file structure_36.cif (mmCIF, C-alpha atoms, pLDDT in the B column; chains and numbers go by the auth columns)
data_start
#
loop_
_atom_site.group_PDB
_atom_site.id
_atom_site.type_symbol
_atom_site.label_atom_id
_atom_site.label_comp_id
_atom_site.label_asym_id
_atom_site.label_seq_id
_atom_site.Cartn_x
_atom_site.Cartn_y
_atom_site.Cartn_z
_atom_site.B_iso_or_equiv
_atom_site.auth_seq_id
_atom_site.auth_asym_id
ATOM 1 C CA MET A 1 16.154 -23.667 -2.024 47.00 1 Y
ATOM 2 C CA THR A 2 15.293 -23.795 -5.683 51.00 2 Y
ATOM 3 C CA GLY A 3 12.760 -21.753 -7.663 54.00 3 Y
ATOM 4 C CA MET A 4 9.497 -23.623 -7.026 54.00 4 Y
ATOM 5 C CA PRO A 5 9.633 -23.947 -3.205 59.00 5 Y
ATOM 6 C CA GLN A 6 10.822 -20.338 -2.969 58.00 6 Y
ATOM 7 C CA ARG A 7 7.892 -19.216 -5.103 61.00 7 Y
ATOM 8 C CA ARG A 8 5.425 -21.182 -2.950 66.00 8 Y
ATOM 9 C CA MET A 9 6.988 -19.775 0.230 63.00 9 Y
ATOM 10 C CA GLY A 10 6.942 -16.252 -1.239 72.00 10 Y
ATOM 11 C CA ALA A 11 3.298 -16.604 -2.286 76.00 11 Y
ATOM 12 C CA TRP A 12 2.368 -17.865 1.184 80.00 12 Y
ATOM 13 C CA VAL A 13 4.179 -14.972 2.878 81.00 13 Y
ATOM 14 C CA VAL A 14 2.593 -12.411 0.566 79.00 14 Y
ATOM 15 C CA GLY A 15 -0.846 -13.973 1.057 82.00 15 Y
ATOM 16 C CA ALA A 16 -0.470 -13.993 4.851 85.00 16 Y
ATOM 17 C CA SER A 17 0.772 -10.399 4.743 84.00 17 Y
ATOM 18 C CA ILE A 18 -2.237 -9.324 2.701 83.00 18 Y
ATOM 19 C CA ILE A 19 -4.603 -11.030 5.174 88.00 19 Y
ATOM 20 C CA GLY A 20 -2.779 -9.406 8.095 88.00 20 Y
ATOM 21 C CA THR A 21 -2.840 -5.918 6.596 85.00 21 Y
ATOM 22 C CA VAL A 22 -6.510 -6.267 5.691 85.00 22 Y
ATOM 23 C CA LEU A 23 -7.354 -7.298 9.282 90.00 23 Y
ATOM 24 C CA LEU A 24 -5.310 -4.412 10.698 89.00 24 Y
ATOM 25 C CA GLY A 25 -6.935 -2.059 8.227 85.00 25 Y
ATOM 26 C CA VAL A 26 -10.440 -3.215 9.182 88.00 26 Y
ATOM 27 C CA GLY A 27 -9.657 -2.756 12.884 91.00 27 Y
ATOM 28 C CA ALA A 28 -8.146 0.686 12.298 89.00 28 Y
ATOM 29 C CA PHE A 29 -11.068 1.667 10.063 89.00 29 Y
ATOM 30 C CA TRP A 30 -13.579 0.577 12.726 93.00 30 Y
ATOM 31 C CA LEU A 31 -11.845 2.504 15.533 93.00 31 Y
ATOM 32 C CA SER A 32 -11.504 5.607 13.388 92.00 32 Y
ATOM 33 C CA PHE A 33 -15.054 5.195 12.072 94.00 33 Y
ATOM 34 C CA THR A 34 -16.636 5.071 15.529 95.00 34 Y
ATOM 35 C CA ALA A 35 -14.625 8.071 16.763 95.00 35 Y
ATOM 36 C CA LEU A 36 -15.481 10.158 13.691 96.00 36 Y
ATOM 37 C CA ALA A 37 -19.155 9.164 13.803 96.00 37 Y
ATOM 38 C CA ASP A 38 -19.316 10.237 17.458 95.00 38 Y
ATOM 39 C CA LEU A 39 -17.537 13.500 16.630 96.00 39 Y
ATOM 40 C CA ALA A 40 -19.950 14.175 13.744 96.00 40 Y
ATOM 41 C CA SER A 41 -22.877 13.506 16.073 96.00 41 Y
ATOM 42 C CA ARG A 42 -21.430 15.841 18.744 95.00 42 Y
ATOM 43 C CA ALA A 43 -20.932 18.488 16.031 95.00 43 Y
ATOM 44 C CA GLY A 44 -24.642 18.483 15.235 95.00 44 Y
ATOM 45 C CA THR A 45 -24.964 15.907 12.458 95.00 45 Y
ATOM 46 C CA ALA A 46 -28.164 13.918 12.859 95.00 46 Y
ATOM 47 C CA VAL A 47 -27.510 10.641 14.699 87.00 47 Y
ATOM 48 C CA GLY A 48 -28.925 8.638 11.781 93.00 48 Y
ATOM 49 C CA LEU A 49 -26.512 10.334 9.371 96.00 49 Y
ATOM 50 C CA ALA A 50 -23.389 10.637 11.534 96.00 50 Y
ATOM 51 C CA TRP A 51 -22.032 7.343 10.138 95.00 51 Y
ATOM 52 C CA VAL A 52 -21.709 8.868 6.642 96.00 52 Y
ATOM 53 C CA TRP A 53 -19.043 11.399 7.627 95.00 53 Y
ATOM 54 C CA PRO A 54 -16.348 8.880 8.665 94.00 54 Y
ATOM 55 C CA LEU A 55 -17.192 6.746 5.659 93.00 55 Y
ATOM 56 C CA ILE A 56 -16.440 9.721 3.419 94.00 56 Y
ATOM 57 C CA VAL A 57 -13.264 10.790 5.233 93.00 57 Y
ATOM 58 C CA ASP A 58 -11.662 7.353 5.682 87.00 58 Y
ATOM 59 C CA GLY A 59 -13.113 6.034 2.428 89.00 59 Y
ATOM 60 C CA VAL A 60 -11.178 8.673 0.493 92.00 60 Y
ATOM 61 C CA ILE A 61 -7.960 7.284 2.034 87.00 61 Y
ATOM 62 C CA VAL A 62 -8.708 3.839 0.599 85.00 62 Y
ATOM 63 C CA ILE A 63 -9.820 5.100 -2.837 92.00 63 Y
ATOM 64 C CA ALA A 64 -6.955 7.595 -3.178 91.00 64 Y
ATOM 65 C CA THR A 65 -4.368 4.928 -2.278 86.00 65 Y
ATOM 66 C CA MET A 66 -5.724 2.568 -4.926 86.00 66 Y
ATOM 67 C CA SER A 67 -5.773 5.446 -7.430 92.00 67 Y
ATOM 68 C CA VAL A 68 -2.131 6.321 -6.737 88.00 68 Y
ATOM 69 C CA VAL A 69 -1.084 2.734 -7.405 84.00 69 Y
ATOM 70 C CA ALA A 70 -3.317 2.347 -10.460 88.00 70 Y
ATOM 71 C CA LEU A 71 -2.126 5.607 -12.029 91.00 71 Y
ATOM 72 C CA SER A 72 1.571 5.255 -11.130 86.00 72 Y
ATOM 73 C CA PRO A 73 2.547 3.785 -14.533 88.00 73 Y
ATOM 74 C CA TYR A 74 1.380 7.066 -16.110 92.00 74 Y
ATOM 75 C CA GLY A 75 3.876 9.222 -14.220 88.00 75 Y
ATOM 76 C CA ARG A 76 3.869 11.876 -11.533 89.00 76 Y
ATOM 77 C CA ALA A 77 1.395 14.176 -13.236 94.00 77 Y
ATOM 78 C CA ALA A 78 -1.254 11.421 -13.242 94.00 78 Y
ATOM 79 C CA THR A 79 -0.801 10.706 -9.525 90.00 79 Y
ATOM 80 C CA ARG A 80 -0.611 14.304 -8.303 95.00 80 Y
ATOM 81 C CA TYR A 81 -4.342 14.651 -7.596 96.00 81 Y
ATOM 82 C CA PRO A 82 -4.758 11.232 -5.891 94.00 82 Y
ATOM 83 C CA TRP A 83 -1.726 12.026 -3.686 91.00 83 Y
ATOM 84 C CA LEU A 84 -3.316 15.367 -2.783 95.00 84 Y
ATOM 85 C CA LEU A 85 -6.595 13.633 -1.900 95.00 85 Y
ATOM 86 C CA LEU A 86 -4.728 11.020 0.131 91.00 86 Y
ATOM 87 C CA ALA A 87 -2.772 13.627 2.094 92.00 87 Y
ATOM 88 C CA GLY A 88 -5.873 15.754 2.683 95.00 88 Y
ATOM 89 C CA ALA A 89 -8.044 12.847 3.825 94.00 89 Y
ATOM 90 C CA ALA A 90 -5.287 11.517 6.098 92.00 90 Y
ATOM 91 C CA LEU A 91 -4.828 14.965 7.643 95.00 91 Y
ATOM 92 C CA VAL A 92 -8.583 15.363 8.212 96.00 92 Y
ATOM 93 C CA SER A 93 -8.896 11.857 9.675 94.00 93 Y
ATOM 94 C CA ILE A 94 -5.927 12.213 12.034 95.00 94 Y
ATOM 95 C CA THR A 95 -7.000 15.696 13.145 96.00 95 Y
ATOM 96 C CA ALA A 96 -10.630 14.635 13.663 96.00 96 Y
ATOM 97 C CA ASN A 97 -9.617 11.520 15.634 95.00 97 Y
ATOM 98 C CA ILE A 98 -7.383 13.647 17.881 96.00 98 Y
ATOM 99 C CA THR A 99 -10.155 16.230 18.294 96.00 99 Y
ATOM 100 C CA HIS A 100 -12.594 13.492 19.265 95.00 100 Y
ATOM 101 C CA ALA A 101 -10.148 12.154 21.869 95.00 101 Y
ATOM 102 C CA LEU A 102 -9.691 15.593 23.384 94.00 102 Y
ATOM 103 C CA VAL A 103 -13.456 16.190 23.509 94.00 103 Y
ATOM 104 C CA ALA A 104 -14.497 12.717 24.684 92.00 104 Y
ATOM 105 C CA ALA A 105 -11.638 11.682 27.023 88.00 105 Y
ATOM 106 C CA ASP A 106 -12.286 11.792 30.730 87.00 106 Y
ATOM 107 C CA ASP A 107 -10.191 13.878 33.099 87.00 107 Y
ATOM 108 C CA THR A 108 -8.070 10.923 34.252 92.00 108 Y
ATOM 109 C CA VAL A 109 -6.266 10.703 30.906 90.00 109 Y
ATOM 110 C CA PRO A 110 -3.841 13.494 29.972 93.00 110 Y
ATOM 111 C CA GLY A 111 -4.821 15.193 26.706 91.00 111 Y
ATOM 112 C CA ILE A 112 -1.523 14.335 25.003 92.00 112 Y
ATOM 113 C CA VAL A 113 -1.990 10.632 25.774 94.00 113 Y
ATOM 114 C CA ALA A 114 -5.560 10.697 24.449 93.00 114 Y
ATOM 115 C CA ALA A 115 -4.363 12.495 21.305 93.00 115 Y
ATOM 116 C CA LEU A 116 -1.550 10.013 20.690 94.00 116 Y
ATOM 117 C CA VAL A 117 -3.812 7.009 21.170 94.00 117 Y
ATOM 118 C CA ALA A 118 -6.447 8.532 18.875 94.00 118 Y
ATOM 119 C CA SER A 119 -3.910 9.240 16.112 94.00 119 Y
ATOM 120 C CA VAL A 120 -2.933 5.568 15.743 94.00 120 Y
ATOM 121 C CA PRO A 121 -6.063 4.179 13.959 91.00 121 Y
ATOM 122 C CA PRO A 122 -6.049 6.633 11.023 89.00 122 Y
ATOM 123 C CA ILE A 123 -2.273 6.269 10.611 91.00 123 Y
ATOM 124 C CA VAL A 124 -2.555 2.467 10.658 90.00 124 Y
ATOM 125 C CA LEU A 125 -5.492 2.657 8.225 84.00 125 Y
ATOM 126 C CA LEU A 126 -3.358 4.709 5.856 83.00 126 Y
ATOM 127 C CA ALA A 127 -0.364 2.370 6.169 86.00 127 Y
ATOM 128 C CA ALA A 128 -2.363 -0.873 5.990 84.00 128 Y
ATOM 129 C CA THR A 129 -4.345 0.262 2.963 79.00 129 Y
ATOM 130 C CA HIS A 130 -1.225 1.274 1.076 79.00 130 Y
ATOM 131 C CA LEU A 131 0.656 -1.887 2.049 83.00 131 Y
ATOM 132 C CA THR A 132 -2.253 -4.134 1.046 78.00 132 Y
ATOM 133 C CA VAL A 133 -2.456 -2.493 -2.371 75.00 133 Y
ATOM 134 C CA GLU A 134 1.321 -2.767 -2.848 77.00 134 Y
ATOM 135 C CA LEU A 135 1.376 -6.435 -1.777 77.00 135 Y
ATOM 136 C CA GLY A 136 -1.457 -7.230 -4.165 72.00 136 Y
ATOM 137 C CA ARG A 137 0.404 -5.454 -6.917 69.00 137 Y
ATOM 138 C CA TYR A 138 3.520 -7.606 -6.437 66.00 138 Y
ATOM 139 C CA ARG A 139 1.694 -10.856 -5.733 56.00 139 Y
ATOM 140 C CA ARG A 140 1.980 -11.974 -9.321 53.00 140 Y
ATOM 141 C CA ASP A 141 4.667 -14.600 -9.870 45.00 141 Y
ATOM 142 C CA VAL A 142 7.987 -13.191 -10.934 52.00 142 Y
ATOM 143 C CA PRO A 143 9.297 -15.119 -13.918 46.00 143 Y
ATOM 144 C CA THR A 144 12.486 -17.005 -13.070 51.00 144 Y
ATOM 145 C CA VAL A 145 15.005 -18.920 -15.103 48.00 145 Y
ATOM 146 C CA ARG A 146 15.228 -22.583 -14.172 49.00 146 Y
ATOM 147 C CA GLU A 147 18.672 -23.734 -13.114 50.00 147 Y
ATOM 148 C CA ASP A 148 18.787 -26.266 -15.932 49.00 148 Y
ATOM 149 C CA ALA A 149 17.584 -23.785 -18.587 51.00 149 Y
ATOM 150 C CA ASP A 150 19.745 -23.362 -21.657 54.00 150 Y
ATOM 151 C CA VAL A 151 20.446 -19.611 -21.653 51.00 151 Y
ATOM 152 C CA ASP A 152 22.855 -17.906 -24.003 52.00 152 Y
ATOM 153 C CA PRO A 153 25.127 -15.708 -21.790 49.00 153 Y
ATOM 154 C CA THR A 154 25.046 -12.913 -24.355 49.00 154 Y
ATOM 155 C CA THR A 155 21.247 -12.730 -24.539 49.00 155 Y
ATOM 156 C CA THR A 156 20.012 -9.173 -24.199 44.00 156 Y
ATOM 157 C CA LEU A 157 16.573 -8.487 -22.807 48.00 157 Y
ATOM 158 C CA VAL A 158 14.875 -5.116 -22.675 45.00 158 Y
ATOM 159 C CA GLN A 159 13.626 -3.944 -19.299 45.00 159 Y
ATOM 160 C CA GLU A 160 10.908 -1.323 -19.306 44.00 160 Y
ATOM 161 C CA ALA A 161 11.842 1.568 -17.006 46.00 161 Y
ATOM 162 C CA GLY A 162 9.069 4.150 -17.202 48.00 162 Y
ATOM 163 C CA SER A 163 9.182 5.439 -20.757 46.00 163 Y
ATOM 164 C CA GLU A 164 12.865 4.543 -21.222 49.00 164 Y
ATOM 165 C CA ARG A 165 14.067 1.204 -22.525 47.00 165 Y
ATOM 166 C CA THR A 166 17.150 -0.111 -20.758 48.00 166 Y
ATOM 167 C CA PRO A 167 18.992 -3.158 -22.095 48.00 167 Y
ATOM 168 C CA VAL A 168 19.634 -5.844 -19.508 49.00 168 Y
ATOM 169 C CA ARG A 169 22.296 -8.443 -20.206 47.00 169 Y
ATOM 170 C CA LEU A 170 21.978 -11.952 -18.732 47.00 170 Y
ATOM 171 C CA LEU A 171 25.247 -13.236 -17.325 49.00 171 Y
ATOM 172 C CA MET A 172 25.994 -16.864 -16.480 47.00 172 Y
ATOM 173 C CA SER A 173 28.599 -17.819 -13.937 48.00 173 Y
ATOM 174 C CA GLY A 174 30.588 -21.026 -14.095 51.00 174 Y
ATOM 175 C CA THR A 175 28.146 -22.618 -11.634 51.00 175 Y
ATOM 176 C CA GLY A 176 25.151 -22.089 -13.917 50.00 176 Y
ATOM 177 C CA THR A 177 23.741 -19.211 -11.874 48.00 177 Y
ATOM 178 C CA VAL A 178 22.001 -16.535 -13.918 48.00 178 Y
ATOM 179 C CA SER A 179 22.252 -12.891 -12.946 49.00 179 Y
ATOM 180 C CA THR A 180 21.445 -9.644 -14.700 49.00 180 Y
ATOM 181 C CA ALA A 181 23.376 -6.488 -15.327 48.00 181 Y
ATOM 182 C CA VAL A 182 22.001 -3.239 -16.694 49.00 182 Y
ATOM 183 C CA THR A 183 24.172 -2.049 -19.547 46.00 183 Y
ATOM 184 C CA ALA A 184 24.353 1.165 -21.518 48.00 184 Y
ATOM 185 C CA GLU A 185 22.805 1.373 -24.968 47.00 185 Y
ATOM 186 C CA ASP A 186 24.985 -0.385 -27.541 42.00 186 Y
#
call {"tool": "encode", "arguments": {"input": "structure_36.cif", "output": "structure tokens"}}
result
Amino acid sequence: MTGMPQRRMGAWVVGASIIGTVLLGVGAFWLSFTALADLASRAGTAVGLAWVWPLIVDGVIVIATMSVVALSPYGRAATRYPWLLLAGAALVSITANITHALVAADDTVPGIVAALVASVPPIVLLAATHLTVELGRYRRDVPTVREDADVDPTTTLVQEAGSERTPVRLLMSGTGTVSTAVTAED
């Protein structure tokens, strides 16, 4: 396959993946949301307000994931707090879902089975949210060199790598294929 059909196929796959992860995320959010709302209600939160607690807990997972991705170009120090929020919210959500399963499950289901089943929605929510953000981040078209492009084999490009600048040399094979090689500073 050449560049254009590959790009269309890649865009279709990424688009379908984003739709799939969003649907999985919505399902996981809903299951976790209903369990946490019931747990909040059982813990004494007014029935009319019990829905706010899972929104806060699972909402932080979504916001923290987006913050990690958005702040990642600024280095580890910038993402430390969002990672801490993400880990804390995920831990609270998983623990609360397991607690709800142990409190609400009937006697016919072993506690370990109820706990394992209850842990899946918040874990899937975490994974689907992160994957959706990552897929959206890489959805942009990657520039490619056309096969018939006139490229000088000694052309040096500069690839941004964090705060370092690394020269990348374009190499042409006898068949006209273009590849790259990272080289040391000249």
call {"tool": "residues_around", "arguments": {"input": "structure_36.cif", "residues": "Thr34 of chain Y", "least_positions_apart": "2", "cutoff": "12 Å", "atoms": "all atoms listed in the file", "output": "ChimeraX atom specification"}}
result
/Y:27-32,36-41,50-55,58,93,96-97,100-101,118,121-122
call {"tool": "write_last_selection", "arguments": {"input": "structure_36.cif", "atoms": "C-alpha atoms", "output": "JSON list (two decimals), in the frame of the given file"}}
result
[["chain", "number", "residue", "atom", "x", "y", "z"],
["Y", 27, "GLY", "CA", -9.66, -2.76, 12.88],
["Y", 28, "ALA", "CA", -8.15, 0.69, 12.30],
["Y", 29, "PHE", "CA", -11.07, 1.67, 10.06],
["Y", 30, "TRP", "CA", -13.58, 0.58, 12.73],
["Y", 31, "LEU", "CA", -11.84, 2.50, 15.53],
["Y", 32, "SER", "CA", -11.50, 5.61, 13.39],
["Y", 36, "LEU", "CA", -15.48, 10.16, 13.69],
["Y", 37, "ALA", "CA", -19.16, 9.16, 13.80],
["Y", 38, "ASP", "CA", -19.32, 10.24, 17.46],
["Y", 39, "LEU", "CA", -17.54, 13.50, 16.63],
["Y", 40, "ALA", "CA", -19.95, 14.18, 13.74],
["Y", 41, "SER", "CA", -22.88, 13.51, 16.07],
["Y", 50, "ALA", "CA", -23.39, 10.64, 11.53],
["Y", 51, "TRP", "CA", -22.03, 7.34, 10.14],
["Y", 52, "VAL", "CA", -21.71, 8.87, 6.64],
["Y", 53, "TRP", "CA", -19.04, 11.40, 7.63],
["Y", 54, "PRO", "CA", -16.35, 8.88, 8.66],
["Y", 55, "LEU", "CA", -17.19, 6.75, 5.66],
["Y", 58, "ASP", "CA", -11.66, 7.35, 5.68],
["Y", 93, "SER", "CA", -8.90, 11.86, 9.68],
["Y", 96, "ALA", "CA", -10.63, 14.64, 13.66],
["Y", 97, "ASN", "CA", -9.62, 11.52, 15.63],
["Y", 100, "HIS", "CA", -12.59, 13.49, 19.26],
["Y", 101, "ALA", "CA", -10.15, 12.15, 21.87],
["Y", 118, "ALA", "CA", -6.45, 8.53, 18.88],
["Y", 121, "PRO", "CA", -6.06, 4.18, 13.96],
["Y", 122, "PRO", "CA", -6.05, 6.63, 11.02]]
call {"tool": "residues_near_point", "arguments": {"input": "structure_36.cif", "point": "(-5.4, 6.7, 6.8)", "cutoff": "8 Å", "atoms": "all atoms listed in the file", "output": "list in words"}}
result
Asp58, Ile61, Val62, Leu86, Ala89, Ala90, Ser93, Ile94, Pro121, Pro122, Ile123, Val124, Leu125, Leu126, Ala127 and Thr129 of chain Y
call {"tool": "atom_distance", "arguments": {"input": "structure_36.cif", "atom1": "atom CA of Val60 of chain Y", "atom2": "atom CA of Leu85 of chain Y"}}
result
7.2 Å
call {"tool": "atom_distance", "arguments": {"input": "structure_36.cif", "atom1": "atom CA of Tyr74 of chain Y", "atom2": "atom CA of Val13 of chain Y"}}
result
29.2 Å
call {"tool": "atom_distance", "arguments": {"input": "structure_36.cif", "atom1": "atom CA of Gly88 of chain Y", "atom2": "atom CA of Thr65 of chain Y"}}
result
12.0 Å
call {"tool": "closest_residue", "arguments": {"input": "structure_36.cif", "among": "Y:Val57, Y:Ala128, Y:Ala78, Y:Ala70", "to": "Ala35 of chain Y", "atoms": "all atoms listed in the file"}}
result
Y:Val57
call {"tool": "closest_residue", "arguments": {"input": "structure_36.cif", "among": "Y:Ser17, Y:Ile98, Y:Pro82, Y:Ser119", "to": "Val69 of chain Y", "atoms": "all atoms listed in the file"}}
result
Y:Pro82
